[in-house]
Amino acid sequence: MMTELSFPDSGHSMVVDEPEMMPGGANKGPNPLDVMLSSLGTCQLIAYKAYAAVMKVPIKNLSCKFEGDVDLAGFLGVNPDMPAGFLAVRGVVTIETSAPQEVLDQLKEAVDAHCPMVDTIRNEHPMATTYKVKA
């Protein structure tokens, strides 16, 4: 299950795996759904920082926690009525700031409207996958 990913344009790499309880999992890295939640949280933090700078909202510190509910019966094909992915996703962004509530509400609205990961998850987008055989 362990997959080594490389991102040639940036020179970065990472390992994605499944926990040992999953067939073939060795727990050598986060699982794909954890990577997705991490991407969402990171994207939110980047968007908060960018929009706070533009809106001149002082931020002393910023952190987040994202989690999701998943039922493996969908992924494993045990229950065809169960989605294979998340049933729900929740996140909390913690902001250390002196800004008033109404400014923070405007900041959150701007971030949620323009965060690429929120858009990708919230809205339906065309998607196509294929495979190729390597002999």
# chains A, B, ... in the order shown; residues from 1 in each chain; ligands from 1

$ select_by_dssp --residues "segment 26-106 of chain A" --states "alpha helix (DSSP H)" --output "PyMOL selection string"
chain A and resi 32-55+72-75+101-106

$ residues_around --residues "Ala84 of chain A" --least-positions-apart "5" --cutoff "12 Å" --atoms "only C-alpha atoms" --output "PyMOL selection string"
chain A and resi 33+69-79

$ write_last_selection --atoms "N, CA and C atoms" --output "mmCIF file, in the first residue's frame"
data_model
loop_
_atom_site.group_PDB
_atom_site.id
_atom_site.type_symbol
_atom_site.label_atom_id
_atom_site.label_comp_id
_atom_site.auth_asym_id
_atom_site.auth_seq_id
_atom_site.Cartn_x
_atom_site.Cartn_y
_atom_site.Cartn_z
ATOM 1 N N LEU A 33 -6.839 10.011 2.904
ATOM 2 C CA LEU A 33 -7.865 10.917 3.431
ATOM 3 C C LEU A 33 -7.275 11.907 4.426
ATOM 4 N N ASP A 69 -15.612 12.162 8.833
ATOM 5 C CA ASP A 69 -16.227 10.874 9.141
ATOM 6 C C ASP A 69 -16.204 10.020 7.883
ATOM 7 N N VAL A 70 -15.759 8.790 8.037
ATOM 8 C CA VAL A 70 -15.716 7.859 6.915
ATOM 9 C C VAL A 70 -16.178 6.489 7.413
ATOM 10 N N ASP A 71 -16.883 5.776 6.570
ATOM 11 C CA ASP A 71 -17.309 4.418 6.873
ATOM 12 C C ASP A 71 -16.650 3.510 5.840
ATOM 13 N N LEU A 72 -15.741 2.665 6.285
ATOM 14 C CA LEU A 72 -14.975 1.833 5.358
ATOM 15 C C LEU A 72 -15.838 0.834 4.586
ATOM 16 N N ALA A 73 -17.091 0.655 4.984
ATOM 17 C CA ALA A 73 -17.983 -0.253 4.251
ATOM 18 C C ALA A 73 -18.179 0.234 2.819
ATOM 19 N N GLY A 74 -18.129 1.535 2.599
ATOM 20 C CA GLY A 74 -18.233 2.070 1.238
ATOM 21 C C GLY A 74 -16.976 1.808 0.438
ATOM 22 N N PHE A 75 -15.815 2.085 1.024
ATOM 23 C CA PHE A 75 -14.538 1.865 0.350
ATOM 24 C C PHE A 75 -14.336 0.392 0.019
ATOM 25 N N LEU A 76 -14.688 -0.475 0.942
ATOM 26 C CA LEU A 76 -14.470 -1.912 0.757
ATOM 27 C C LEU A 76 -15.568 -2.581 -0.062
ATOM 28 N N GLY A 77 -16.611 -1.842 -0.430
ATOM 29 C CA GLY A 77 -17.681 -2.402 -1.247
ATOM 30 C C GLY A 77 -18.648 -3.287 -0.475
ATOM 31 N N VAL A 78 -18.583 -3.241 0.837
ATOM 32 C CA VAL A 78 -19.463 -4.056 1.677
ATOM 33 C C VAL A 78 -20.891 -3.512 1.650
ATOM 34 N N ASN A 79 -21.019 -2.205 1.612
ATOM 35 C CA ASN A 79 -22.328 -1.560 1.577
ATOM 36 C C ASN A 79 -22.377 -0.638 0.365
#

$ residues_around --residues "segment 107-119 of chain A" --least-positions-apart "6" --cutoff "12 Å" --atoms "only C-alpha atoms" --output "number ranges by chain"
A: 36-59, 89-95, 99-101, 125

$ residues_around --residues "segment 11-25 of chain A" --least-positions-apart "3" --cutoff "12 Å" --atoms "only C-alpha atoms" --output "ChimeraX atom specification"
/A:1-8,28-36,72,75-76

$ write_last_selection --atoms "all heavy atoms" --output "short mmCIF file (atom, residue, chain, number, x, y, z; two decimals), in the first residue's frame"
data_model
loop_
_atom_site.label_atom_id
_atom_site.label_comp_id
_atom_site.auth_asym_id
_atom_site.auth_seq_id
_atom_site.Cartn_x
_atom_site.Cartn_y
_atom_site.Cartn_z
N MET A 1 0.80 -1.19 0.00
CA MET A 1 0.00 0.00 0.00
C MET A 1 0.85 1.26 0.00
O MET A 1 0.42 2.27 -0.48
CB MET A 1 -0.92 0.04 1.22
CG MET A 1 -1.99 -0.98 1.22
SD MET A 1 -3.46 -0.29 0.54
CE MET A 1 -4.60 -1.55 0.93
N MET A 2 2.03 1.20 0.62
CA MET A 2 2.85 2.40 0.73
C MET A 2 3.15 2.95 -0.67
O MET A 2 3.52 2.21 -1.57
CB MET A 2 4.16 2.10 1.45
CG MET A 2 4.98 3.34 1.70
SD MET A 2 6.53 2.99 2.51
CE MET A 2 7.52 2.47 1.12
N THR A 3 2.96 4.24 -0.80
CA THR A 3 3.20 4.91 -2.06
C THR A 3 4.15 6.07 -1.83
O THR A 3 3.91 6.90 -0.95
CB THR A 3 1.88 5.44 -2.67
OG1 THR A 3 0.96 4.36 -2.79
CG2 THR A 3 2.11 6.08 -4.01
N GLU A 4 5.22 6.09 -2.58
CA GLU A 4 6.15 7.21 -2.52
C GLU A 4 5.79 8.18 -3.63
O GLU A 4 5.80 7.81 -4.80
CB GLU A 4 7.58 6.72 -2.66
CG GLU A 4 8.02 5.87 -1.48
CD GLU A 4 9.47 5.41 -1.58
OE1 GLU A 4 10.31 6.20 -2.06
OE2 GLU A 4 9.73 4.26 -1.21
N LEU A 5 5.45 9.39 -3.25
CA LEU A 5 5.07 10.41 -4.22
C LEU A 5 6.22 11.38 -4.41
O LEU A 5 6.92 11.73 -3.46
CB LEU A 5 3.86 11.20 -3.72
CG LEU A 5 2.61 10.39 -3.38
CD1 LEU A 5 1.57 11.28 -2.74
CD2 LEU A 5 2.07 9.73 -4.63
N SER A 6 6.40 11.82 -5.64
CA SER A 6 7.39 12.87 -5.88
C SER A 6 6.73 13.95 -6.71
O SER A 6 5.83 13.70 -7.51
CB SER A 6 8.62 12.30 -6.61
OG SER A 6 8.26 11.79 -7.87
N PHE A 7 7.15 15.16 -6.45
CA PHE A 7 6.62 16.34 -7.13
C PHE A 7 7.80 17.00 -7.84
O PHE A 7 8.48 17.86 -7.27
CB PHE A 7 5.98 17.28 -6.11
CG PHE A 7 4.92 16.60 -5.27
CD1 PHE A 7 5.25 15.99 -4.06
CD2 PHE A 7 3.61 16.56 -5.70
CE1 PHE A 7 4.28 15.36 -3.30
CE2 PHE A 7 2.63 15.94 -4.94
CZ PHE A 7 2.96 15.34 -3.74
N PRO A 8 8.06 16.56 -9.09
CA PRO A 8 9.27 16.99 -9.80
C PRO A 8 9.42 18.50 -9.93
O PRO A 8 10.53 19.01 -9.87
CB PRO A 8 9.14 16.33 -11.17
CG PRO A 8 8.15 15.24 -11.00
CD PRO A 8 7.25 15.64 -9.88
N LYS A 28 3.51 3.76 7.23
CA LYS A 28 4.76 4.50 6.97
C LYS A 28 4.50 5.98 6.65
O LYS A 28 5.44 6.74 6.47
CB LYS A 28 5.52 3.87 5.79
CG LYS A 28 5.94 2.45 6.03
CD LYS A 28 7.05 2.37 7.04
CE LYS A 28 7.53 0.94 7.17
NZ LYS A 28 8.46 0.75 8.24
N GLY A 29 3.23 6.37 6.58
CA GLY A 29 2.88 7.75 6.30
C GLY A 29 1.39 7.94 6.49
O GLY A 29 0.66 6.98 6.77
N PRO A 30 0.91 9.17 6.36
CA PRO A 30 -0.52 9.41 6.50
C PRO A 30 -1.29 8.71 5.38
O PRO A 30 -0.75 8.45 4.31
CB PRO A 30 -0.63 10.93 6.39
CG PRO A 30 0.58 11.35 5.63
CD PRO A 30 1.65 10.36 5.98
N ASN A 31 -2.57 8.41 5.65
CA ASN A 31 -3.38 7.80 4.60
C ASN A 31 -3.92 8.89 3.67
O ASN A 31 -3.85 10.08 4.00
CB ASN A 31 -4.49 6.93 5.21
CG ASN A 31 -5.57 7.73 5.90
OD1 ASN A 31 -6.15 8.65 5.34
ND2 ASN A 31 -5.85 7.38 7.13
N PRO A 32 -4.42 8.52 2.51
CA PRO A 32 -4.86 9.53 1.53
C PRO A 32 -5.93 10.50 2.07
O PRO A 32 -5.90 11.69 1.74
CB PRO A 32 -5.41 8.70 0.38
CG PRO A 32 -4.67 7.41 0.45
CD PRO A 32 -4.48 7.16 1.93
N LEU A 33 -6.84 10.01 2.90
CA LEU A 33 -7.86 10.92 3.43
C LEU A 33 -7.28 11.91 4.43
O LEU A 33 -7.68 13.08 4.47
CB LEU A 33 -9.02 10.12 4.05
CG LEU A 33 -9.85 9.32 3.04
CD1 LEU A 33 -10.94 8.54 3.76
CD2 LEU A 33 -10.45 10.21 1.97
N ASP A 34 -6.29 11.47 5.22
CA ASP A 34 -5.60 12.39 6.11
C ASP A 34 -4.82 13.44 5.32
O ASP A 34 -4.76 14.61 5.70
CB ASP A 34 -4.65 11.65 7.06
CG ASP A 34 -5.38 10.89 8.15
OD1 ASP A 34 -6.57 11.19 8.41
OD2 ASP A 34 -4.76 9.99 8.76
N VAL A 35 -4.22 13.02 4.21
CA VAL A 35 -3.51 13.97 3.35
C VAL A 35 -4.49 15.01 2.80
O VAL A 35 -4.20 16.20 2.77
CB VAL A 35 -2.77 13.24 2.21
CG1 VAL A 35 -2.21 14.22 1.19
CG2 VAL A 35 -1.65 12.37 2.77
N MET A 36 -5.70 14.54 2.41
CA MET A 36 -6.69 15.48 1.90
C MET A 36 -7.11 16.48 2.97
O MET A 36 -7.19 17.69 2.71
CB MET A 36 -7.92 14.74 1.38
CG MET A 36 -8.80 15.62 0.53
SD MET A 36 -10.51 15.10 0.56
CE MET A 36 -11.10 16.07 1.92
N LEU A 72 -15.74 2.67 6.28
CA LEU A 72 -14.98 1.83 5.36
C LEU A 72 -15.84 0.83 4.59
O LEU A 72 -15.37 0.25 3.61
CB LEU A 72 -13.86 1.10 6.10
CG LEU A 72 -12.75 2.00 6.65
CD1 LEU A 72 -11.72 1.17 7.40
CD2 LEU A 72 -12.09 2.81 5.55
N PHE A 75 -15.81 2.09 1.02
CA PHE A 75 -14.54 1.86 0.35
C PHE A 75 -14.34 0.39 0.02
O PHE A 75 -13.88 0.04 -1.07
CB PHE A 75 -13.39 2.38 1.22
CG PHE A 75 -12.03 1.95 0.76
CD1 PHE A 75 -11.50 2.42 -0.44
CD2 PHE A 75 -11.26 1.08 1.51
CE1 PHE A 75 -10.24 2.02 -0.88
CE2 PHE A 75 -10.00 0.67 1.09
CZ PHE A 75 -9.50 1.15 -0.11
N LEU A 76 -14.69 -0.48 0.94
CA LEU A 76 -14.47 -1.91 0.76
C LEU A 76 -15.57 -2.58 -0.06
O LEU A 76 -15.48 -3.78 -0.36
CB LEU A 76 -14.33 -2.60 2.12
CG LEU A 76 -13.13 -2.13 2.95
CD1 LEU A 76 -13.18 -2.74 4.34
CD2 LEU A 76 -11.82 -2.46 2.25
#

$ atom_distance --atom1 "atom CA of Glu96 of chain A" --atom2 "atom CA of Ser63 of chain A"
8.9 Å

$ atom_distance --atom1 "atom CA of Ile121 of chain A" --atom2 "atom CA of Leu62 of chain A"
22.1 Å

$ select_by_dssp --residues "segment 66-126 of chain A" --states "strand (DSSP E)" --output "PyMOL selection string"
chain A and resi 66-70+86-96

$ atom_distance --atom1 "atom CA of Gly85 of chain A" --atom2 "atom CA of Gly68 of chain A"
9.4 Å
